[in-house]
>>> print(open('my_file.txt').read())   # compact mmCIF, C-alpha atoms
# COMPACT_ATOMS: atom_id res chain seq x y z
CA MET A 18 -15.09 7.07 -34.60
CA ILE A 19 -15.29 10.85 -34.88
CA ARG A 20 -13.87 12.58 -37.95
CA CYS A 21 -14.00 16.30 -38.71
CA LYS A 22 -12.68 17.58 -42.00
CA GLU A 23 -12.35 21.34 -42.49
CA LEU A 24 -15.44 21.68 -40.31
CA THR A 25 -16.67 25.27 -40.44
CA LYS A 26 -19.68 26.83 -38.76
CA TYR A 27 -20.75 30.44 -39.13
CA PHE A 28 -23.31 32.13 -36.99
CA THR A 29 -24.51 35.61 -37.91
CA GLY A 30 -21.43 37.75 -37.61
CA THR A 31 -19.12 35.13 -36.05
CA ARG A 32 -17.07 32.19 -37.21
CA ALA A 33 -17.45 29.64 -34.38
CA LEU A 34 -15.53 26.92 -36.21
CA ASP A 35 -13.10 27.72 -38.99
CA GLY A 36 -11.65 24.69 -40.79
CA CYS A 37 -11.47 22.32 -37.83
CA SER A 38 -9.90 18.92 -38.69
CA PHE A 39 -9.12 15.92 -36.47
CA GLU A 40 -9.95 12.27 -35.99
CA ILE A 41 -10.52 10.12 -32.91
CA SER A 42 -10.77 6.41 -33.65
CA GLU A 43 -9.92 4.66 -30.36
CA PRO A 44 -11.61 4.62 -26.96
CA GLY A 45 -9.97 7.09 -24.60
CA ILE A 46 -10.51 10.23 -22.55
CA THR A 47 -9.74 13.38 -24.54
CA GLY A 48 -9.61 16.85 -23.01
CA VAL A 49 -10.92 19.53 -25.38
CA ILE A 50 -9.14 22.67 -24.23
CA GLY A 51 -9.67 26.23 -25.40
CA VAL A 52 -10.44 29.70 -24.09
CA ASN A 53 -14.05 30.87 -23.91
CA GLY A 54 -15.30 31.36 -27.46
CA ALA A 55 -12.72 29.02 -29.02
CA GLY A 56 -15.50 26.87 -30.51
CA LYS A 57 -15.72 23.95 -28.05
CA THR A 58 -19.50 23.97 -27.57
CA THR A 59 -20.16 24.44 -31.31
CA LEU A 60 -17.84 21.51 -32.00
CA PHE A 61 -19.69 19.25 -29.54
CA LYS A 62 -23.08 20.26 -30.94
CA SER A 63 -21.83 19.51 -34.45
CA ILE A 64 -20.60 16.04 -33.42
CA ALA A 65 -23.92 15.33 -31.71
CA GLY A 66 -25.71 16.26 -34.95
CA PHE A 67 -27.52 19.31 -33.53
CA LEU A 68 -25.87 21.78 -35.91
CA LYS A 69 -25.50 21.70 -39.67
CA PRO A 70 -21.96 22.56 -40.79
CA THR A 71 -21.65 25.68 -42.93
CA ASN A 72 -18.74 24.03 -44.72
CA GLY A 73 -16.69 20.87 -44.35
CA GLU A 74 -17.91 17.68 -42.76
CA VAL A 75 -18.30 15.85 -39.47
CA TYR A 76 -18.62 12.06 -39.53
CA VAL A 77 -19.55 9.92 -36.54
CA LEU A 78 -19.45 6.10 -36.88
CA GLU A 79 -18.90 6.55 -40.62
CA GLU A 80 -22.11 8.56 -41.04
CA PRO A 81 -22.67 12.29 -41.48
CA ALA A 82 -23.70 13.48 -38.04
CA PHE A 83 -26.35 16.10 -38.75
CA GLN A 84 -29.86 14.95 -37.73
CA ASN A 85 -28.86 11.30 -37.99
CA ILE A 86 -30.75 8.85 -35.76
CA THR A 87 -27.88 6.29 -35.55
CA VAL A 88 -25.54 9.06 -34.47
CA ALA A 89 -28.08 10.39 -31.97
CA GLN A 90 -28.42 6.98 -30.30
CA ASN A 91 -24.66 6.54 -29.99
CA VAL A 92 -23.75 10.04 -28.84
CA ILE A 93 -24.69 11.78 -25.62
CA LEU A 94 -23.96 15.47 -25.08
CA ILE A 95 -24.44 17.32 -21.84
CA GLU A 96 -23.99 21.06 -21.39
CA GLU A 97 -25.11 23.75 -19.02
CA GLY A 98 -27.76 25.20 -21.31
CA MET A 99 -29.48 21.92 -22.24
CA ASN A 100 -33.26 21.87 -22.12
CA PHE A 101 -35.27 19.24 -20.27
CA TYR A 102 -39.01 19.42 -20.30
CA GLN A 103 -40.16 21.57 -17.41
CA SER A 104 -42.28 19.31 -15.22
CA GLY A 105 -39.83 16.39 -15.12
CA ASN A 106 -38.37 15.23 -11.85
CA LEU A 107 -34.98 13.53 -11.90
CA GLN A 108 -36.36 9.97 -11.98
CA GLU A 109 -38.65 10.81 -14.92
CA LEU A 110 -35.77 12.39 -16.80
CA MET A 111 -33.68 9.27 -16.28
CA ASP A 112 -36.56 7.07 -17.46
CA THR A 113 -36.80 9.09 -20.68
CA TYR A 114 -33.09 8.74 -21.32
CA SER A 115 -33.13 5.00 -20.54
CA ARG A 116 -35.74 4.47 -23.26
CA PHE A 117 -33.59 6.22 -25.83
CA TYR A 118 -30.11 4.95 -24.96
CA LEU A 119 -30.05 1.16 -25.33
CA ASN A 120 -27.15 0.58 -22.92
CA TYR A 121 -28.52 2.89 -20.21
CA ASP A 122 -27.44 1.56 -16.82
CA MET A 123 -30.27 2.46 -14.41
CA LYS A 124 -28.60 0.68 -11.49
CA LEU A 125 -25.53 2.86 -11.86
CA ALA A 126 -27.68 6.00 -12.26
CA LYS A 127 -29.58 5.27 -9.03
CA GLY A 128 -26.37 4.43 -7.19
CA LEU A 129 -24.78 7.72 -8.23
CA LEU A 130 -27.90 9.71 -7.30
CA ARG A 131 -27.75 8.16 -3.83
CA TYR A 132 -24.02 8.80 -3.57
CA PHE A 133 -24.59 12.52 -4.22
CA ASN A 134 -27.67 12.67 -1.96
CA LEU A 135 -29.97 13.57 -4.83
CA SER A 136 -33.55 12.35 -4.54
CA GLY A 137 -35.27 11.17 -7.73
CA ALA A 138 -38.30 13.25 -6.73
CA LEU A 139 -36.38 16.54 -7.06
CA LYS A 140 -37.21 18.85 -9.96
CA TYR A 141 -34.28 19.58 -12.28
CA ASP A 142 -35.00 23.32 -12.54
CA GLU A 143 -35.00 23.63 -8.77
CA LEU A 144 -31.48 22.26 -8.37
CA SER A 145 -28.55 24.51 -7.50
CA LYS A 146 -26.02 25.17 -10.28
CA GLY A 147 -23.54 22.62 -8.95
CA MET A 148 -26.22 19.99 -8.27
CA ALA A 149 -27.60 20.39 -11.81
CA SER A 150 -24.09 19.83 -13.19
CA THR A 151 -23.76 16.69 -11.07
CA PHE A 152 -27.11 15.36 -12.29
CA ARG A 153 -26.24 15.98 -15.94
CA LEU A 154 -23.02 14.06 -15.50
CA ILE A 155 -24.85 11.13 -13.87
CA LEU A 156 -27.21 11.10 -16.83
CA ALA A 157 -24.33 11.16 -19.32
CA LEU A 158 -22.28 8.40 -17.71
CA SER A 159 -25.29 6.13 -17.13
CA ALA A 160 -26.20 6.37 -20.82
CA ARG A 161 -23.02 4.38 -21.56
CA ALA A 162 -23.03 5.82 -25.07
CA PRO A 163 -20.02 4.91 -27.27
CA ILE A 164 -19.37 8.64 -27.69
CA THR A 165 -19.82 10.74 -24.56
CA LEU A 166 -19.45 14.52 -24.85
CA LEU A 167 -19.15 16.43 -21.57
CA ASP A 168 -19.19 20.19 -22.11
CA GLU A 169 -17.68 21.92 -19.05
CA PRO A 170 -19.11 19.17 -16.81
CA THR A 171 -17.88 20.59 -13.52
CA SER A 172 -18.99 24.21 -13.87
CA GLY A 173 -20.38 25.64 -10.66
CA MET A 174 -19.12 22.76 -8.53
CA ASP A 175 -17.18 22.87 -5.28
CA PRO A 176 -13.53 21.79 -5.62
CA GLY A 177 -14.13 18.68 -3.48
CA VAL A 178 -17.02 17.49 -5.62
CA ARG A 179 -15.08 18.31 -8.76
CA LYS A 180 -12.27 15.94 -7.78
CA ASP A 181 -14.84 13.26 -6.97
CA LEU A 182 -16.47 13.64 -10.37
CA TYR A 183 -13.21 13.31 -12.27
CA ASP A 184 -12.53 10.11 -10.31
CA ILE A 185 -15.98 8.82 -11.25
CA ILE A 186 -15.46 9.62 -14.95
CA LEU A 187 -12.14 7.74 -14.83
CA LYS A 188 -13.57 4.69 -13.04
CA ASP A 189 -16.53 4.57 -15.40
CA PHE A 190 -14.21 4.76 -18.40
CA ILE A 191 -12.05 1.89 -17.07
CA GLN A 192 -15.16 -0.24 -16.58
CA VAL A 193 -16.62 0.56 -20.00
CA PRO A 194 -13.90 2.00 -22.27
CA ARG A 195 -15.39 4.40 -24.81
CA MET A 196 -14.70 7.77 -26.41
CA ILE A 197 -15.17 10.41 -23.73
CA LEU A 198 -14.53 14.06 -24.65
CA ILE A 199 -14.42 16.62 -21.84
CA SER A 200 -14.27 20.30 -22.69
CA SER A 201 -12.83 22.89 -20.37
CA HIS A 202 -11.24 26.31 -20.60
CA TYR A 203 -8.56 25.16 -18.23
CA LEU A 204 -6.73 21.93 -17.66
CA GLY A 205 -6.21 22.00 -13.88
CA GLU A 206 -7.11 18.85 -12.00
CA MET A 207 -8.60 17.27 -15.12
CA GLU A 208 -5.11 16.64 -16.51
CA ARG A 209 -4.47 13.43 -14.57
CA ILE A 210 -7.43 11.53 -16.05
CA LEU A 211 -6.71 12.46 -19.68
CA GLU A 212 -4.97 10.40 -22.34
CA ASN A 213 -5.17 12.94 -25.18
CA ILE A 214 -5.70 16.65 -25.62
CA LEU A 215 -7.47 18.43 -28.46
CA PHE A 216 -6.42 22.05 -28.26
CA ILE A 217 -8.85 24.43 -29.98
CA HIS A 218 -8.18 28.07 -30.71
CA GLU A 219 -10.22 30.50 -32.80
CA GLY A 220 -12.26 27.66 -34.32
CA LYS A 221 -9.23 25.63 -35.40
CA VAL A 222 -7.30 22.69 -34.00
CA LEU A 223 -4.00 24.11 -32.77
CA LYS A 224 -2.69 20.73 -31.66
CA HIS A 225 -4.07 17.23 -31.11
CA GLY A 226 -1.95 14.62 -29.35
CA ALA A 227 -1.08 12.63 -26.23
CA LEU A 228 -0.91 14.48 -22.92
CA GLU A 229 2.89 13.97 -22.86
CA GLU A 230 3.32 15.96 -26.06
CA PHE A 231 1.85 18.98 -24.30
CA GLU A 232 4.19 18.53 -21.38
CA THR A 233 7.18 19.23 -23.59
CA LEU A 234 5.70 21.90 -25.81
CA LEU A 235 7.26 25.09 -24.50
CA ILE A 236 10.38 25.83 -22.50
CA ALA A 237 11.73 28.87 -20.71
CA ILE A 238 15.36 29.78 -21.37
CA GLN A 239 17.21 31.90 -18.86
CA GLY A 240 20.64 33.42 -19.13
CA ALA A 241 22.78 36.50 -19.51
CA PRO A 242 20.71 39.23 -21.28
CA SER A 243 23.15 39.71 -24.19
CA LEU A 244 23.24 35.98 -24.89
CA VAL A 245 19.48 35.51 -24.61
CA ARG A 246 18.84 38.56 -26.85
CA SER A 247 21.06 37.04 -29.53
CA LEU A 248 18.77 33.99 -29.61
CA GLU A 249 15.54 35.91 -29.94
CA ASP A 250 15.61 36.35 -33.74
CA GLN A 251 16.08 32.62 -34.24
CA PHE A 252 12.84 31.47 -32.61
CA ALA A 253 9.19 32.30 -32.26
CA VAL A 254 9.28 33.94 -28.83
CA TYR A 255 6.16 33.74 -26.67
CA GLU A 256 7.35 35.94 -23.85
CA THR A 257 10.35 37.97 -22.85
CA LYS A 258 11.09 39.09 -19.33
CA ASP A 259 14.04 40.70 -17.61
CA ILE A 260 14.71 39.30 -14.18
CA GLY A 261 16.89 41.69 -12.25
CA GLU A 262 20.05 43.04 -13.88
CA GLY A 263 21.87 39.92 -15.01
CA LEU A 264 19.12 37.65 -16.24
CA ARG A 265 16.69 37.52 -19.16
CA ARG A 266 14.05 34.86 -19.69
CA ILE A 267 12.32 33.92 -22.93
CA VAL A 268 9.67 31.30 -23.72
CA VAL A 269 10.10 29.31 -26.95
CA GLU A 270 8.99 26.00 -28.48
CA LYS A 271 11.07 23.10 -27.22
CA SER A 272 11.30 21.35 -30.59
CA GLU A 273 12.56 24.54 -32.27
CA PHE A 274 15.23 24.98 -29.63
CA ASP A 275 16.30 21.32 -29.69
CA HIS A 276 16.73 21.37 -33.47
CA SER A 277 18.55 24.68 -33.65
CA LYS A 278 22.27 24.90 -34.26
CA ILE A 279 23.35 26.49 -31.02
CA ALA A 280 26.84 25.60 -29.88
CA GLU A 281 27.10 23.19 -26.94
CA GLU A 282 29.03 25.64 -24.76
CA LEU A 283 26.32 28.27 -25.27
CA ARG A 284 23.63 25.78 -24.26
CA ALA A 285 25.57 24.92 -21.15
CA SER A 286 25.46 28.52 -19.94
CA LEU A 287 21.66 28.67 -20.21
CA THR A 288 19.12 27.40 -17.69
CA ILE A 289 16.23 25.56 -19.31
CA GLN A 290 12.90 24.90 -17.67
CA GLU A 291 9.89 23.02 -19.02
CA ILE A 292 6.59 24.90 -19.05
CA SER A 293 3.53 23.06 -17.73
CA PRO A 294 0.74 22.27 -20.23
CA GLU A 295 -1.56 24.67 -18.37
CA ASP A 296 0.88 27.57 -18.79
CA SER A 297 1.64 26.55 -22.38
CA PHE A 298 -2.04 27.04 -23.28
CA VAL A 299 -1.91 30.54 -21.83
CA TYR A 300 1.19 31.45 -23.87
CA LEU A 301 -0.17 29.92 -27.07
CA THR A 302 -3.57 31.64 -26.89
CA ARG A 303 -2.33 35.02 -25.75
CA ARG A 304 -2.87 37.93 -28.08
CA LYS A 305 0.07 38.60 -30.38
CA GLY A 306 2.27 41.57 -29.57
CA GLY A 307 3.66 42.79 -26.30
CA GLY A 308 2.76 41.51 -22.88
CA ILE A 309 0.79 43.30 -20.18
CA ASP A 310 4.03 44.74 -18.81
CA GLU A 311 4.43 46.93 -21.89
CA LEU A 312 0.96 48.45 -21.39
CA TYR A 313 1.89 49.50 -17.88
CA HIS A 314 5.47 50.48 -18.64
CA SER A 315 6.20 53.78 -16.95
CA MET B 16 7.36 11.32 -1.60
CA LYS B 17 5.24 13.93 -3.27
CA LEU B 18 3.45 12.72 -6.33
CA LEU B 19 1.35 14.53 -8.90
CA GLU B 20 2.18 17.90 -7.43
CA GLY B 21 5.43 18.74 -9.15
CA SER B 22 5.67 20.18 -12.62
CA GLU B 23 7.18 17.00 -14.04
CA PRO B 24 5.04 15.00 -16.49
CA ILE B 25 2.81 12.49 -14.69
CA TYR B 26 4.24 9.42 -16.45
CA ILE B 27 7.76 10.39 -15.37
CA GLN B 28 6.58 10.80 -11.78
CA ILE B 29 5.02 7.32 -11.99
CA GLY B 30 8.29 5.89 -13.31
CA GLU B 31 10.21 7.50 -10.44
CA TRP B 32 7.72 6.29 -7.86
CA LEU B 33 8.01 2.73 -9.16
CA GLU B 34 11.81 2.90 -9.07
CA ASN B 35 11.68 4.02 -5.45
CA GLU B 36 9.31 1.17 -4.58
CA ILE B 37 11.88 -1.27 -6.00
CA LEU B 38 14.93 0.46 -4.47
CA SER B 39 13.32 0.52 -1.02
CA GLY B 40 12.55 -3.21 -1.25
CA ARG B 41 8.77 -2.84 -0.96
CA VAL B 42 8.53 -4.83 -4.18
CA LYS B 43 11.23 -7.39 -4.98
CA PRO B 44 12.92 -8.88 -8.06
CA GLU B 45 10.91 -11.62 -9.80
CA GLU B 46 7.72 -10.34 -8.19
CA LYS B 47 4.83 -8.94 -10.21
CA ILE B 48 4.83 -5.14 -10.39
CA TYR B 49 1.71 -2.98 -10.08
CA SER B 50 -0.45 -3.25 -13.20
CA GLN B 51 -1.40 -0.16 -15.19
CA TYR B 52 -4.94 -0.42 -13.78
CA LYS B 53 -3.70 -0.74 -10.20
CA LEU B 54 -1.55 2.38 -10.71
CA SER B 55 -4.46 4.15 -12.34
CA GLU B 56 -6.52 3.40 -9.23
CA ILE B 57 -3.82 4.34 -6.69
CA PHE B 58 -3.13 7.74 -8.24
CA SER B 59 -6.43 8.42 -10.05
CA ILE B 60 -4.69 8.77 -13.38
CA ASN B 61 -5.49 7.62 -16.89
CA PRO B 62 -4.40 3.98 -17.42
CA ALA B 63 -2.61 5.00 -20.66
CA THR B 64 -0.45 7.42 -18.65
CA ALA B 65 0.24 4.70 -16.06
CA LEU B 66 1.36 2.34 -18.84
CA LYS B 67 3.76 4.98 -20.17
CA GLY B 68 5.30 5.14 -16.69
CA LEU B 69 5.69 1.34 -16.58
CA ASN B 70 7.21 1.35 -20.06
CA LEU B 71 9.98 3.68 -18.87
CA LEU B 72 11.12 0.81 -16.63
CA VAL B 73 10.72 -1.76 -19.41
CA GLU B 74 13.04 0.32 -21.61
CA LYS B 75 15.71 0.26 -18.90
CA GLY B 76 15.37 -3.49 -18.38
CA ILE B 77 14.13 -3.05 -14.79
CA VAL B 78 10.78 -4.61 -15.63
CA TYR B 79 9.94 -7.25 -18.24
CA LYS B 80 6.72 -8.54 -19.79
CA LYS B 81 5.58 -12.14 -19.37
CA ARG B 82 3.08 -12.94 -22.07
CA GLY B 83 -0.41 -13.19 -20.67
CA LEU B 84 0.79 -12.75 -17.09
CA GLY B 85 1.69 -9.07 -16.88
CA MET B 86 4.87 -7.24 -15.93
CA PHE B 87 7.55 -8.52 -13.55
CA ILE B 88 10.60 -7.01 -11.88
CA SER B 89 13.77 -8.40 -13.42
CA ALA B 90 16.42 -10.19 -11.37
CA ASP B 91 18.86 -7.44 -12.38
CA ALA B 92 16.57 -4.57 -11.34
CA LEU B 93 18.43 -3.46 -8.22
CA ARG B 94 21.85 -3.50 -9.90
CA ILE B 95 20.55 -1.42 -12.84
CA LEU B 96 18.77 1.04 -10.56
CA LYS B 97 21.64 1.51 -8.15
CA LYS B 98 24.07 2.10 -10.99
CA GLU B 99 21.74 4.61 -12.64
CA HIS B 100 20.96 6.46 -9.44
CA LYS B 101 24.64 6.63 -8.55
CA ASN B 102 25.45 8.04 -11.98
CA GLU B 103 22.62 10.53 -12.21
CA VAL B 104 20.92 11.31 -8.93
CA LEU B 105 24.00 11.30 -6.72
CA THR B 106 26.21 13.14 -9.21
CA GLU B 107 23.57 15.83 -9.58
CA GLN B 108 23.18 16.25 -5.82
CA ILE B 109 26.94 16.47 -5.37
CA ARG B 110 27.15 19.10 -8.11
CA ASP B 111 24.57 21.23 -6.26
CA LEU B 112 26.41 20.66 -3.00
CA VAL B 113 29.72 21.79 -4.46
CA GLU B 114 28.15 24.90 -6.02
CA GLU B 115 26.58 25.85 -2.69
CA ALA B 116 29.85 25.21 -0.83
CA ILE B 117 31.77 27.50 -3.20
CA LEU B 118 29.18 30.25 -2.72
CA LEU B 119 29.61 29.92 1.03
CA ASP B 120 33.46 29.85 0.89
CA VAL B 121 33.56 26.33 2.31
CA SER B 122 36.94 24.77 1.51
CA GLU B 123 37.41 21.32 0.02
CA GLU B 124 38.76 20.02 3.30
CA GLU B 125 35.85 21.44 5.28
CA LEU B 126 33.34 19.92 2.86
CA ILE B 127 34.96 16.48 3.07
CA ASN B 128 34.92 16.67 6.88
CA LEU B 129 31.24 17.60 6.82
CA LEU B 130 30.57 14.58 4.58
CA LYS B 131 32.54 12.23 6.84
CA ASN B 132 30.70 13.56 9.85
CA GLU B 133 27.32 13.00 8.19
CA MET B 134 28.31 9.44 7.19
CA GLN B 135 29.26 8.69 10.79
CA ILE B 136 25.99 10.05 12.20
CA ASN B 137 24.10 7.92 9.68
CA MET B 138 26.08 4.78 10.63
CA GLN B 139 25.41 5.34 14.32
CA LYS B 140 21.72 5.80 13.59
CA THR B 141 21.58 2.51 11.66
CA LEU B 142 23.40 0.74 14.45
CA ARG B 143 21.05 2.16 17.09
CA ASN B 144 18.00 1.07 15.07
CA LYS B 145 19.45 -2.43 14.77
CA LEU B 146 20.05 -2.67 18.51
CA GLN B 147 16.60 -1.29 19.20
CA ASN B 148 15.05 -3.93 16.90
CA ASN B 149 16.98 -6.73 18.58
CA THR B 150 15.92 -5.55 22.03
CA ASN B 151 12.29 -5.40 20.89
CA LYS B 152 12.52 -8.92 19.50
CA GLY B 153 13.99 -10.13 22.77
CA GLU B 154 11.09 -8.57 24.70
CA ASP B 155 8.57 -10.13 22.32
CA GLN B 156 9.94 -13.58 22.96
CA GLN B 157 9.73 -13.27 26.73
>>> encode(input="my_file.txt", output="structure tokens")
Amino acid sequence: MIRCKELTKYFTGTRALDGCSFEISEPGITGVIGVNGAGKTTLFKSIAGFLKPTNGEVYVLEEPAFQNITVAQNVILIEEGMNFYQSGNLQELMDTYSRFYLNYDMKLAKGLLRYFNLSGALKYDELSKGMASTFRLILALSARAPITLLDEPTSGMDPGVRKDLYDIILKDFIQVPRMILISSHYLGEMERILENILFIHEGKVLKHGALEEFETLLIAIQGAPSLVRSLEDQFAVYETKDIGEGLRRIVVEKSEFDHSKIAEELRASLTIQEISPEDSFVYLTRRKGGGIDELYHS
Amino acid sequence: MKLLEGSEPIYIQIGEWLENEILSGRVKPEEKIYSQYKLSEIFSINPATALKGLNLLVEKGIVYKKRGLGMFISADALRILKKEHKNEVLTEQIRDLVEEAILLDVSEEELINLLKNEMQINMQKTLRNKLQNNTNKGEDQQ
């Protein structure tokens, strides 16, 4: 179980997390989505007990997470900037982790190393960026920790390897169901392996729910300009665009549109299109005010 | 069929794929349907999403749960599917067809003739395939 209540973390001059609240109580793969600087890494470090909240609380397995040994043994966090001691080769690093994590599966770890053509004698700090990411993921999955936090696990990887790694995360989850959180600034090919999405923006949870809820979040409405303009005051509009002479397109929330009192015959003259989750994130995190087009308007 | 490429939600694509498997006869009434884990493996998708796809068919009565045994295709599956596809898929395609015909100034009569023509070509094709199959069988036996 992971529970954050009004979790807030200030660093000098910045508010990395700002009243972040959510709860995950079942095994499942959750995608933690947000633009760079949204607070994803700070959130993961807080759950792992590395950071002390400025305000609010973070509970893991019913215990406050910060510097808690029970939490530490049940949570594994991997991220690009993590420090391993310098002289360690990959086998030694795995040995260290296997002593700390009680369920560590060394057979799986060795199998995955072989699969990716990584020798245990290699030094971690001599690996390429993509190879280092692969090794960190092997370490994290082999730990078989009840709570597995993967911070941008595929950064620096080739697209082919990236697909492979998502398949491995999925297979590993099916074999040993547990809470796996994967952060990324974009959804892309990760979408298919997710059950839930935690959408973070400016240190807050913008939305937390099943993948399907994000697939019906925003819609684009297209129709005659005069008609579409008349709708614009009724909804929060995320984008407006004129397409040629006779067509205007606006992006609004689907639930708002569905619950509005627009006459049937008006609805029938509009074309409605669902917006993909990926594009929805872009609309929802975009700066308020006019679009790029207005900046470049001649 | 293309899967997991379109903009439609994954669980809906899974539901549609399963319906096509049943309609095409690759899986038959009273047989066990793919489990959520099998689907998860085939398409590399989260098992929860696969289950949501299966549940779409349960809601329509195309698939039913046998306690402890998994999900099975109901005896009525083909009738339900054909009726639904006739009502929705075919009607929608005909609507598009009519719109296109009007844009191109194709008259009602012309459109009906085109349809009849297409039906005939299809029937001849089916007949040819049947004959071909019979000939092949005959050769096999010799």
>>> atom_distance(input="my_file.txt", atom1="CA of Gly137 in chain A", atom2="CA of Lys180 in chain A")
23.5 Å
>>> interface_residues(input="my_file.txt", of="chain B", to="chain A", cutoff="10 Å", atoms="all atoms listed in the file", output="number ranges by chain")
B: 19, 21-27, 52, 55-56, 58-65, 67
>>> closest_residue(input="my_file.txt", among="B:Leu54, B:Leu119, B:Ile48, B:Leu69", to="Phe87 in chain B", atoms="all atoms listed in the file")
B:Ile48
>>> residues_around(input="my_file.txt", residues="Leu96 in chain B", least_positions_apart="3", cutoff="8 Å", atoms="all atoms listed in the file", output="number ranges by chain")
B: 34, 38, 77, 92-93, 99-100
>>> atom_distance(input="my_file.txt", atom1="CA of Gly205 in chain A", atom2="CA of Arg265 in chain A")
28.2 Å
>>> residues_around(input="my_file.txt", residues="Gly51 in chain A", least_positions_apart="5", cutoff="9 Å", atoms="all atoms listed in the file", output="list of chain:residue names")
A:Gly56, A:Lys57, A:Ser200, A:Ser201, A:His202, A:Tyr203, A:Leu215, A:Phe216, A:Ile217, A:His218, A:Glu219, A:Phe298, A:Thr302
>>> atom_distance(input="my_file.txt", atom1="CA of Val92 in chain A", atom2="CA of Leu110 in chain A")
17.2 Å
>>> axis_aligned_box(input="my_file.txt", around="range 42-58 of chain A", padding_each_side="4 Å", output="JSON")
{"center_x": -14.3, "center_y": 18.0, "center_z": -28.1, "size_x": 18.4, "size_y": 34.7, "size_z": 19.1}
>>> residues_around(input="my_file.txt", residues="Leu112 in chain B", least_positions_apart="6", cutoff="12 Å", atoms="only C-alpha atoms", output="ChimeraX atom specification")
/B:105-106,118-119,121,123,126-127,129-130
>>> write_last_selection(input="my_file.txt", atoms="C-alpha atoms", output="PDB file, in the coordinates of the input")
ATOM      1  CA  LEU B 105      24.000  11.300  -6.720  1.00  0.00           C
ATOM      2  CA  THR B 106      26.210  13.140  -9.210  1.00  0.00           C
ATOM      3  CA  LEU B 118      29.180  30.250  -2.720  1.00  0.00           C
ATOM      4  CA  LEU B 119      29.610  29.920   1.030  1.00  0.00           C
ATOM      5  CA  VAL B 121      33.560  26.330   2.310  1.00  0.00           C
ATOM      6  CA  GLU B 123      37.410  21.320   0.020  1.00  0.00           C
ATOM      7  CA  LEU B 126      33.340  19.920   2.860  1.00  0.00           C
ATOM      8  CA  ILE B 127      34.960  16.480   3.070  1.00  0.00           C
ATOM      9  CA  LEU B 129      31.240  17.600   6.820  1.00  0.00           C
ATOM     10  CA  LEU B 130      30.570  14.580   4.580  1.00  0.00           C
TER      11      LEU B 130
END
>>> build_atoms(input="my_file.txt", residues="range 119-130 of chain B", atoms="N, CA and C atoms", output="short mmCIF file (atom, residue, chain, number, x, y, z; two decimals), in the coordinates of the input")
data_model
loop_
_atom_site.label_atom_id
_atom_site.label_comp_id
_atom_site.auth_asym_id
_atom_site.auth_seq_id
_atom_site.Cartn_x
_atom_site.Cartn_y
_atom_site.Cartn_z
N LEU B 119 29.48 29.65 -0.40
CA LEU B 119 29.61 29.92 1.03
C LEU B 119 31.07 29.92 1.51
N ASP B 120 32.03 29.88 0.55
CA ASP B 120 33.46 29.85 0.89
C ASP B 120 33.83 28.67 1.77
N VAL B 121 33.19 27.53 1.56
CA VAL B 121 33.56 26.33 2.31
C VAL B 121 34.69 25.65 1.54
N SER B 122 35.79 25.37 2.21
CA SER B 122 36.94 24.77 1.51
C SER B 122 36.69 23.29 1.25
N GLU B 123 37.54 22.73 0.37
CA GLU B 123 37.41 21.32 0.02
C GLU B 123 37.53 20.45 1.28
N GLU B 124 38.52 20.80 2.09
CA GLU B 124 38.76 20.02 3.30
C GLU B 124 37.54 20.06 4.24
N GLU B 125 37.02 21.27 4.42
CA GLU B 125 35.85 21.44 5.28
C GLU B 125 34.68 20.60 4.79
N LEU B 126 34.46 20.63 3.46
CA LEU B 126 33.34 19.92 2.86
C LEU B 126 33.49 18.41 3.08
N ILE B 127 34.71 17.92 2.88
CA ILE B 127 34.96 16.48 3.07
C ILE B 127 34.73 16.09 4.53
N ASN B 128 35.16 16.95 5.46
CA ASN B 128 34.92 16.67 6.88
C ASN B 128 33.43 16.63 7.20
N LEU B 129 32.69 17.58 6.59
CA LEU B 129 31.24 17.60 6.82
C LEU B 129 30.61 16.29 6.32
N LEU B 130 31.08 15.83 5.15
CA LEU B 130 30.57 14.58 4.58
C LEU B 130 30.86 13.40 5.50
#
